[in-house]
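Dropping input-v3.pdb in here (PDB, C-alpha atoms):
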```pdb
ATOM      1  CA  MET A   1     -31.690  21.357 -24.152
ATOM      2  CA  THR A   2     -29.182  18.865 -22.745
ATOM      3  CA  ALA A   3     -25.546  19.189 -23.711
ATOM      4  CA  PRO A   4     -24.192  16.479 -26.013
ATOM      5  CA  ALA A   5     -22.310  13.714 -24.247
ATOM      6  CA  THR A   6     -18.532  13.840 -24.330
ATOM      7  CA  PRO A   7     -17.319  11.409 -27.013
ATOM      8  CA  VAL A   8     -15.418   8.403 -25.690
ATOM      9  CA  ALA A   9     -12.185   7.040 -27.163
ATOM     10  CA  VAL A  10     -10.638   3.735 -26.062
ATOM     11  CA  ILE A  11      -6.875   3.556 -26.639
ATOM     12  CA  THR A  12      -4.924   0.323 -26.267
ATOM     13  CA  GLY A  13      -1.216   0.169 -25.516
ATOM     14  CA  ALA A  14      -1.414   3.591 -23.878
ATOM     15  CA  SER A  15       1.321   3.092 -21.279
ATOM     16  CA  SER A  16       3.982   4.806 -23.418
ATOM     17  CA  GLY A  17       4.935   6.023 -26.875
ATOM     18  CA  ILE A  18       2.290   6.525 -29.531
ATOM     19  CA  GLY A  19      -0.536   5.297 -27.311
ATOM     20  CA  ALA A  20       0.204   7.769 -24.519
ATOM     21  CA  ALA A  21       0.723  10.615 -26.987
ATOM     22  CA  THR A  22      -2.577   9.785 -28.683
ATOM     23  CA  ALA A  23      -4.387   9.812 -25.342
ATOM     24  CA  ARG A  24      -3.007  13.275 -24.599
ATOM     25  CA  GLN A  25      -4.012  14.653 -27.984
ATOM     26  CA  LEU A  26      -7.495  13.111 -28.084
ATOM     27  CA  ALA A  27      -8.115  14.308 -24.540
ATOM     28  CA  GLY A  28      -7.087  17.766 -25.677
ATOM     29  CA  ALA A  29      -9.526  17.454 -28.575
ATOM     30  CA  GLY A  30     -12.390  16.942 -26.123
ATOM     31  CA  TYR A  31     -12.614  13.164 -25.807
ATOM     32  CA  HIS A  32     -13.077  11.181 -22.628
ATOM     33  CA  VAL A  33     -10.132   8.848 -23.100
ATOM     34  CA  ILE A  34     -10.105   5.353 -21.660
ATOM     35  CA  VAL A  35      -6.480   4.287 -21.590
ATOM     36  CA  THR A  36      -5.591   0.613 -21.432
ATOM     37  CA  ALA A  37      -2.361  -1.360 -21.190
ATOM     38  CA  ARG A  38      -0.883  -4.162 -19.115
ATOM     39  CA  ARG A  39       1.186  -1.774 -16.990
ATOM     40  CA  LYS A  40      -1.404  -0.434 -14.570
ATOM     41  CA  ASP A  41       0.922   2.055 -12.885
ATOM     42  CA  ARG A  42       1.771   3.739 -16.185
ATOM     43  CA  ILE A  43      -1.794   4.241 -17.369
ATOM     44  CA  GLU A  44      -3.005   5.344 -13.953
ATOM     45  CA  ALA A  45      -0.285   7.991 -13.924
ATOM     46  CA  LEU A  46      -1.327   9.087 -17.424
ATOM     47  CA  ALA A  47      -5.005   9.279 -16.444
ATOM     48  CA  ALA A  48      -4.078  11.316 -13.361
ATOM     49  CA  GLU A  49      -1.992  13.684 -15.489
ATOM     50  CA  LEU A  50      -4.853  14.234 -17.920
ATOM     51  CA  THR A  51      -7.419  14.666 -15.172
ATOM     52  CA  ALA A  52      -5.216  17.222 -13.428
ATOM     53  CA  ALA A  53      -5.083  19.124 -16.735
ATOM     54  CA  GLY A  54      -8.882  19.322 -16.771
ATOM     55  CA  HIS A  55      -9.563  16.461 -19.182
ATOM     56  CA  ARG A  56     -11.629  13.318 -18.715
ATOM     57  CA  ALA A  57      -9.559  10.147 -18.501
ATOM     58  CA  THR A  58     -10.024   6.648 -17.109
ATOM     59  CA  ALA A  59      -7.389   3.930 -16.757
ATOM     60  CA  GLN A  60      -8.087   0.222 -17.106
ATOM     61  CA  ALA A  61      -5.376  -2.444 -16.980
ATOM     62  CA  LEU A  62      -5.869  -4.817 -19.908
ATOM     63  CA  ASP A  63      -4.017  -7.492 -21.852
ATOM     64  CA  VAL A  64      -5.476  -7.333 -25.358
ATOM     65  CA  THR A  65      -4.557 -10.977 -26.001
ATOM     66  CA  ASP A  66      -6.770 -12.164 -23.102
ATOM     67  CA  ARG A  67     -10.203 -12.500 -24.691
ATOM     68  CA  ALA A  68     -12.048 -13.065 -21.416
ATOM     69  CA  ALA A  69     -10.502  -9.893 -19.993
ATOM     70  CA  VAL A  70     -11.353  -7.967 -23.167
ATOM     71  CA  ASP A  71     -14.979  -9.096 -23.033
ATOM     72  CA  ALA A  72     -15.202  -8.115 -19.360
ATOM     73  CA  PHE A  73     -13.688  -4.722 -20.195
ATOM     74  CA  ALA A  74     -16.242  -4.162 -22.983
ATOM     75  CA  ALA A  75     -19.103  -5.162 -20.673
ATOM     76  CA  GLY A  76     -17.851  -2.636 -18.120
ATOM     77  CA  LEU A  77     -18.326   0.167 -20.645
ATOM     78  CA  SER A  78     -22.076  -0.448 -20.894
ATOM     79  CA  ASP A  79     -22.851   2.370 -18.449
ATOM     80  CA  LEU A  80     -21.350   4.952 -20.794
ATOM     81  CA  PRO A  81     -23.723   6.859 -23.085
ATOM     82  CA  ALA A  82     -21.655   5.700 -26.089
ATOM     83  CA  VAL A  83     -18.277   4.440 -27.224
ATOM     84  CA  ASN A  84     -17.222   6.438 -30.266
ATOM     85  CA  VAL A  85     -13.606   5.590 -31.081
ATOM     86  CA  LEU A  86     -11.360   2.560 -30.732
ATOM     87  CA  VAL A  87      -7.646   3.139 -31.315
ATOM     88  CA  ASN A  88      -6.003  -0.263 -31.750
ATOM     89  CA  ASN A  89      -2.464   0.782 -30.880
ATOM     90  CA  ALA A  90      -1.199  -2.171 -28.815
ATOM     91  CA  GLY A  91       1.475  -4.079 -30.713
ATOM     92  CA  GLY A  92       5.190  -4.090 -31.261
ATOM     93  CA  ALA A  93       8.154  -5.919 -32.722
ATOM     94  CA  LEU A  94      10.360  -8.655 -31.299
ATOM     95  CA  GLY A  95      13.690  -9.601 -32.853
ATOM     96  CA  ALA A  96      15.257  -8.893 -36.224
ATOM     97  CA  ASP A  97      16.446 -12.357 -37.194
ATOM     98  CA  PRO A  98      16.162 -13.824 -40.686
ATOM     99  CA  VAL A  99      13.453 -16.346 -41.443
ATOM    100  CA  ALA A 100      15.970 -19.205 -41.196
ATOM    101  CA  THR A 101      16.718 -18.505 -37.532
ATOM    102  CA  GLY A 102      13.763 -16.469 -36.262
ATOM    103  CA  ASP A 103      12.256 -17.532 -32.948
ATOM    104  CA  PRO A 104       8.750 -18.971 -33.471
ATOM    105  CA  ALA A 105       7.815 -17.796 -29.976
ATOM    106  CA  ASP A 106       8.567 -14.189 -30.984
ATOM    107  CA  TRP A 107       6.523 -14.592 -34.159
ATOM    108  CA  ARG A 108       3.622 -15.982 -32.149
ATOM    109  CA  ARG A 109       3.730 -13.162 -29.605
ATOM    110  CA  MET A 110       3.824 -10.527 -32.340
ATOM    111  CA  TYR A 111       0.847 -12.077 -34.120
ATOM    112  CA  GLU A 112      -1.095 -12.429 -30.871
ATOM    113  CA  THR A 113      -0.566  -8.780 -29.936
ATOM    114  CA  ASN A 114      -0.696  -7.021 -33.298
ATOM    115  CA  VAL A 115      -3.453  -9.089 -34.928
ATOM    116  CA  ILE A 116      -5.411 -11.135 -32.394
ATOM    117  CA  GLY A 117      -5.346  -8.277 -29.893
ATOM    118  CA  THR A 118      -6.767  -5.946 -32.536
ATOM    119  CA  LEU A 119      -9.364  -8.564 -33.451
ATOM    120  CA  ASN A 120     -10.363  -9.036 -29.801
ATOM    121  CA  LEU A 121     -10.961  -5.353 -29.103
ATOM    122  CA  THR A 122     -12.641  -4.717 -32.440
ATOM    123  CA  GLN A 123     -15.064  -7.607 -32.024
ATOM    124  CA  ALA A 124     -15.817  -6.706 -28.418
ATOM    125  CA  LEU A 125     -16.469  -3.002 -29.052
ATOM    126  CA  LEU A 126     -17.967  -3.046 -32.552
ATOM    127  CA  PRO A 127     -21.562  -3.353 -31.274
ATOM    128  CA  ALA A 128     -21.111  -0.279 -29.057
ATOM    129  CA  LEU A 129     -19.329   1.649 -31.806
ATOM    130  CA  THR A 130     -22.186   0.861 -34.181
ATOM    131  CA  ALA A 131     -24.824   1.761 -31.605
ATOM    132  CA  SER A 132     -23.158   5.161 -31.122
ATOM    133  CA  GLY A 133     -24.300   6.096 -34.618
ATOM    134  CA  ASP A 134     -20.888   7.593 -35.354
ATOM    135  CA  GLY A 135     -18.122   5.109 -34.591
ATOM    136  CA  THR A 136     -14.493   4.820 -35.645
ATOM    137  CA  VAL A 137     -12.178   1.826 -35.581
ATOM    138  CA  LEU A 138      -8.580   2.887 -36.048
ATOM    139  CA  VAL A 139      -5.841   0.333 -36.637
ATOM    140  CA  LEU A 140      -2.252   1.405 -36.132
ATOM    141  CA  SER A 141      -0.342  -0.799 -38.532
ATOM    142  CA  SER A 142       3.070   0.099 -39.956
ATOM    143  CA  THR A 143       4.843   0.580 -43.245
ATOM    144  CA  ALA A 144       5.967  -2.982 -42.436
ATOM    145  CA  GLY A 145       2.408  -3.968 -43.285
ATOM    146  CA  HIS A 146       2.898  -2.687 -46.830
ATOM    147  CA  GLY A 147       6.433  -3.741 -47.741
ATOM    148  CA  THR A 148       8.895  -6.278 -46.464
ATOM    149  CA  TYR A 149      12.536  -5.931 -45.458
ATOM    150  CA  GLU A 150      15.300  -8.297 -44.465
ATOM    151  CA  GLY A 151      15.300  -9.300 -40.832
ATOM    152  CA  GLY A 152      11.748  -8.161 -40.322
ATOM    153  CA  ALA A 153       9.635 -11.056 -41.535
ATOM    154  CA  GLY A 154       7.913 -11.819 -38.230
ATOM    155  CA  TYR A 155       6.913  -8.207 -37.633
ATOM    156  CA  VAL A 156       6.103  -7.705 -41.304
ATOM    157  CA  ALA A 157       3.809 -10.740 -41.267
ATOM    158  CA  ALA A 158       2.012  -9.477 -38.172
ATOM    159  CA  LYS A 159       1.541  -5.962 -39.519
ATOM    160  CA  HIS A 160       0.369  -7.328 -42.870
ATOM    161  CA  GLY A 161      -2.242  -9.157 -40.814
ATOM    162  CA  ALA A 162      -3.312  -5.936 -39.106
ATOM    163  CA  HIS A 163      -3.507  -4.148 -42.465
ATOM    164  CA  VAL A 164      -5.656  -6.870 -44.014
ATOM    165  CA  LEU A 165      -7.908  -6.961 -40.943
ATOM    166  CA  ALA A 166      -8.642  -3.249 -41.378
ATOM    167  CA  GLU A 167      -9.105  -3.518 -45.134
ATOM    168  CA  THR A 168     -11.474  -6.471 -44.843
ATOM    169  CA  LEU A 169     -13.482  -4.976 -41.980
ATOM    170  CA  ARG A 170     -14.064  -1.844 -44.039
ATOM    171  CA  LEU A 171     -15.576  -3.961 -46.822
ATOM    172  CA  GLU A 172     -17.697  -5.991 -44.440
ATOM    173  CA  ILE A 173     -19.292  -3.134 -42.486
ATOM    174  CA  VAL A 174     -19.777  -0.587 -45.265
ATOM    175  CA  GLY A 175     -23.219   0.936 -44.852
ATOM    176  CA  THR A 176     -22.982   0.989 -41.069
ATOM    177  CA  PRO A 177     -22.151   4.179 -39.130
ATOM    178  CA  VAL A 178     -18.585   3.045 -38.411
ATOM    179  CA  ARG A 179     -15.429   4.195 -40.182
ATOM    180  CA  VAL A 180     -12.305   2.044 -40.449
ATOM    181  CA  ILE A 181      -9.039   4.004 -40.531
ATOM    182  CA  GLU A 182      -5.518   2.652 -40.892
ATOM    183  CA  ILE A 183      -2.462   4.681 -39.936
ATOM    184  CA  ALA A 184       0.840   3.144 -41.103
ATOM    185  CA  PRO A 185       3.908   4.884 -39.644
ATOM    186  CA  GLY A 186       7.438   4.350 -40.833
ATOM    187  CA  MET A 187      10.472   5.052 -38.643
ATOM    188  CA  VAL A 188       9.271   6.352 -35.282
ATOM    189  CA  LYS A 189      11.692   6.925 -32.434
ATOM    190  CA  THR A 190      10.023   6.242 -29.097
ATOM    191  CA  GLU A 191      11.493   5.386 -25.731
ATOM    192  CA  GLU A 192      10.683   1.683 -25.945
ATOM    193  CA  PHE A 193       9.975   0.324 -29.441
ATOM    194  CA  ALA A 194      13.501  -0.569 -30.597
ATOM    195  CA  THR A 195      14.705  -1.423 -27.090
ATOM    196  CA  THR A 196      11.871  -3.919 -26.707
ATOM    197  CA  ARG A 197      12.560  -5.323 -30.151
ATOM    198  CA  PHE A 198      16.165  -6.054 -29.196
ATOM    199  CA  ASN A 199      15.348  -7.428 -25.753
ATOM    200  CA  GLY A 200      16.716  -4.438 -23.863
ATOM    201  CA  ASP A 201      19.915  -4.044 -25.901
ATOM    202  CA  THR A 202      20.176  -0.260 -26.017
ATOM    203  CA  GLU A 203      23.219  -0.326 -28.315
ATOM    204  CA  LYS A 204      21.346  -2.267 -31.010
ATOM    205  CA  ALA A 205      18.312  -0.064 -30.500
ATOM    206  CA  ALA A 206      20.361   3.102 -31.030
ATOM    207  CA  LYS A 207      21.686   1.776 -34.359
ATOM    208  CA  VAL A 208      18.168   1.761 -35.783
ATOM    209  CA  TYR A 209      18.142   5.557 -35.704
ATOM    210  CA  ALA A 210      21.865   6.208 -36.199
ATOM    211  CA  GLY A 211      22.498   9.177 -38.481
ATOM    212  CA  VAL A 212      18.804   9.934 -38.989
ATOM    213  CA  ALA A 213      18.430  13.571 -38.030
ATOM    214  CA  GLU A 214      14.697  13.568 -37.462
ATOM    215  CA  PRO A 215      12.828  10.269 -37.244
ATOM    216  CA  LEU A 216       9.126  10.582 -36.498
ATOM    217  CA  THR A 217       8.105  11.108 -32.887
ATOM    218  CA  ALA A 218       5.177   9.587 -31.011
ATOM    219  CA  GLU A 219       3.579  13.020 -31.113
ATOM    220  CA  ASP A 220       3.842  13.159 -34.914
ATOM    221  CA  VAL A 221       1.896   9.924 -35.235
ATOM    222  CA  ALA A 222      -0.595  10.919 -32.546
ATOM    223  CA  ASP A 223      -1.226  14.147 -34.439
ATOM    224  CA  SER A 224      -2.064  12.132 -37.570
ATOM    225  CA  ILE A 225      -4.345   9.801 -35.603
ATOM    226  CA  THR A 226      -6.168  12.727 -33.997
ATOM    227  CA  TRP A 227      -6.567  14.504 -37.333
ATOM    228  CA  ALA A 228      -8.025  11.383 -38.971
ATOM    229  CA  VAL A 229     -10.388  10.658 -36.095
ATOM    230  CA  THR A 230     -11.691  14.231 -35.936
ATOM    231  CA  ARG A 231     -12.611  14.528 -39.622
ATOM    232  CA  PRO A 232     -16.335  14.937 -40.339
ATOM    233  CA  SER A 233     -18.239  11.670 -39.986
ATOM    234  CA  HIS A 234     -18.640  11.145 -43.724
ATOM    235  CA  VAL A 235     -14.870  11.416 -44.318
ATOM    236  CA  ASN A 236     -12.952   8.133 -44.001
ATOM    237  CA  ILE A 237      -9.168   8.176 -44.116
ATOM    238  CA  ASP A 238      -8.788   4.633 -45.427
ATOM    239  CA  LEU A 239      -5.007   4.593 -45.175
ATOM    240  CA  MET A 240      -2.376   7.122 -44.189
ATOM    241  CA  VAL A 241       1.299   6.235 -44.620
ATOM    242  CA  ILE A 242       3.550   8.572 -42.656
ATOM    243  CA  ARG A 243       7.341   8.527 -42.733
ATOM    244  CA  PRO A 244      10.130  10.915 -41.811
ATOM    245  CA  ARG A 245      11.550  12.837 -44.753
ATOM    246  CA  ALA A 246      14.785  10.864 -44.432
ATOM    247  CA  GLN A 247      13.032   7.545 -45.092
ATOM    248  CA  ALA A 248      12.051   6.763 -48.671
ATOM    249  CA  SER A 249      11.113   3.136 -47.980
ATOM    250  CA  ASN A 250      11.549   0.473 -45.319
ATOM    251  CA  SER A 251      15.028  -0.227 -46.671
ATOM    252  CA  LYS A 252      16.068   3.210 -48.008
ATOM    253  CA  VAL A 253      17.002   5.664 -45.263
ATOM    254  CA  HIS A 254      19.254   8.696 -45.539
ATOM    255  CA  ARG A 255      21.801   8.655 -42.717
ATOM    256  CA  GLU A 256      24.413  11.324 -41.992
ATOM    257  CA  LEU A 257      27.156   9.257 -40.387
TER
END
```
Let's see the structure in the file written out as structure tokens.
Amino acid sequence: MTAPATPVAVITGASSGIGAATARQLAGAGYHVIVTARRKDRIEALAAELTAAGHRATAQALDVTDRAAVDAFAAGLSDLPAVNVLVNNAGGALGADPVATGDPADWRRMYETNVIGTLNLTQALLPALTASGDGTVLVLSSTAGHGTYEGGAGYVAAKHGAHVLAETLRLEIVGTPVRVIEIAPGMVKTEEFATTRFNGDTEKAAKVYAGVAEPLTAEDVADSITWAVTRPSHVNIDLMVIRPRAQASNSKVHREL
């Protein structure tokens, strides 16, 4: 009897934060992780780390907004026995300006990454996920995709788009052997999210978490992703909202200042 093939999980945006933490945890759960991001050096270092720890990991530089590159990436996976999991993690926020003065270029970039990037990977890998007989599409959205807040309209609009993509896909492919999971984190403190949002302004970034004793960590979210993905095949976690205890809503946060 031949041993079952190692399940394969593709993780986008794996160069840091939640994506990197998810790669580590899924690798630890027995998956061959294929880590993608634009920063080739980061994902190659991550793949080397995981391989040195005895796991299976492959790095592939990829811009999720480049459809030709995404299609080429998907075609390059054809030699694998199966592709079982897609974690659509690539995304992010840019700016915190009100609607009246928000930069349309920032809005466009957020939509391209959070929504079109998710669409590109999902479309490209859905045939392989279906053919596996036990596929999972996971969309990392945000609590921003479920409730708005001042200064966040561009990011909120993009994450609403990601949420609706997941919700609609689940309706459209019901009856196929593919689950659609949405994980919606609230306040997560990672090394880059807020700094990127404020264009490298570390002082503004620090204010996001000021007085919050324990915001979520990348590992907290990765743990939730791994738990959802590793449920029995017939169990679909449609939506998981995860926040730190100090955050009651997008606009209600307990701070000890």
Measuring atom to atom with all atoms listed in the file, identify which of A:Asp223, A:Val87, A:Thr196, A:Gly133 is nearest to Ile181 (chain A).
A:Val87
Apply the PyMOL selection byres ((chain A and resi 155) around 10) to the structure shown and report the selected residues as JSON, numbers by chain.
{"A": [91, 92, 93, 94, 95, 96, 106, 107, 109, 110, 111, 114, 142, 144, 145, 148, 149, 151, 152, 153, 154, 156, 157, 158, 159, 160, 161, 197]}
Written as a short mmCIF file (atom, residue, chain, number, x, y, z; two decimals) with C-alpha atoms, in the frame of the given file, what is the full residue list that the PyMOL selection byres ((chain A and resi 66-74) around 9) yields on the file shown?
```
data_model
loop_
_atom_site.label_atom_id
_atom_site.label_comp_id
_atom_site.auth_asym_id
_atom_site.auth_seq_id
_atom_site.Cartn_x
_atom_site.Cartn_y
_atom_site.Cartn_z
CA GLN A 60 -8.09 0.22 -17.11
CA LEU A 62 -5.87 -4.82 -19.91
CA ASP A 63 -4.02 -7.49 -21.85
CA VAL A 64 -5.48 -7.33 -25.36
CA THR A 65 -4.56 -10.98 -26.00
CA ALA A 75 -19.10 -5.16 -20.67
CA GLY A 76 -17.85 -2.64 -18.12
CA LEU A 77 -18.33 0.17 -20.64
CA SER A 78 -22.08 -0.45 -20.89
CA GLY A 117 -5.35 -8.28 -29.89
CA ASN A 120 -10.36 -9.04 -29.80
CA LEU A 121 -10.96 -5.35 -29.10
CA ALA A 124 -15.82 -6.71 -28.42
CA LEU A 125 -16.47 -3.00 -29.05
CA ALA A 128 -21.11 -0.28 -29.06
#
```
Which residues match the PyMOL selection byres ((chain A and resi 11) around 10) in the file above, as a PyMOL selection string?
chain A and resi 8-10+12-15+19-20+22-23+26+33-37+59+85-90+138
Shell of 9 Å around Lys204 (chain A), only C-alpha atoms, local chain residues under 4 positions omitted, as a list in words:
Ala194, Thr195, Phe198, Gly200 and Val208 of chain A
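Minimum distance to Pro7 (chain A) across A:Ala45, A:Val115, A:Val229, A:Ala213 (counting all atoms listed in the file) occurs at A:Val229.
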Pick the closest to Pro185 (chain A) from A:Thr202, A:Thr217, A:Gln123, A:Thr143: which is it, counting all atoms listed in the file?
A:Thr143
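With only C-alpha atoms as the atoms that count, the residue of A:Ile237, A:Met187, A:Ala248, A:Ala61 with the shortest distance to Arg39 (chain A) is A:Ala61.
Distance annotation: of A:Asn250, A:Thr190, A:Thr168, A:Thr136, the residue with the minimal separation from His234 (chain A) is A:Thr136; atom set is all atoms listed in the file.
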Name all residues at most 12 Å from Arg245 (chain A) (count all atoms listed in the file; drop same-chain ones fewer than 3 positions away) and give them as a list in words.
Gly186, Met187, Val188, Val212, Ala213, Glu214, Pro215, Leu216, Ile242, Ala248, Ser249, Lys252, Val253, His254 and Arg255 of chain A
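Separating CA of Asp134 (chain A) from CA of Pro232 (chain A) is a distance of 10.0 Å.
Between CA of Ala21 (chain A) and CA of Ala205 (chain A) the interatomic distance comes to 20.9 Å.
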Can you work out the spacing between CA of Ala162 (chain A) and CA of Leu239 (chain A) in Å, to one decimal?
12.3 Å
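Among the candidate residues A:His163, A:Lys207, A:His32, A:Arg42, the one lying nearest to Gly17 (chain A) is A:Arg42, with distances computed using all atoms listed in the file.
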Which centre and edge lengths in Å to one decimal define the box along x, y and z that fits every listed atom of region 9-18 of chain A plus 4 Å per side, as JSON?
```
{"center_x": -3.6, "center_y": 3.6, "center_z": -25.4, "size_x": 25.1, "size_y": 14.9, "size_z": 16.3}
```
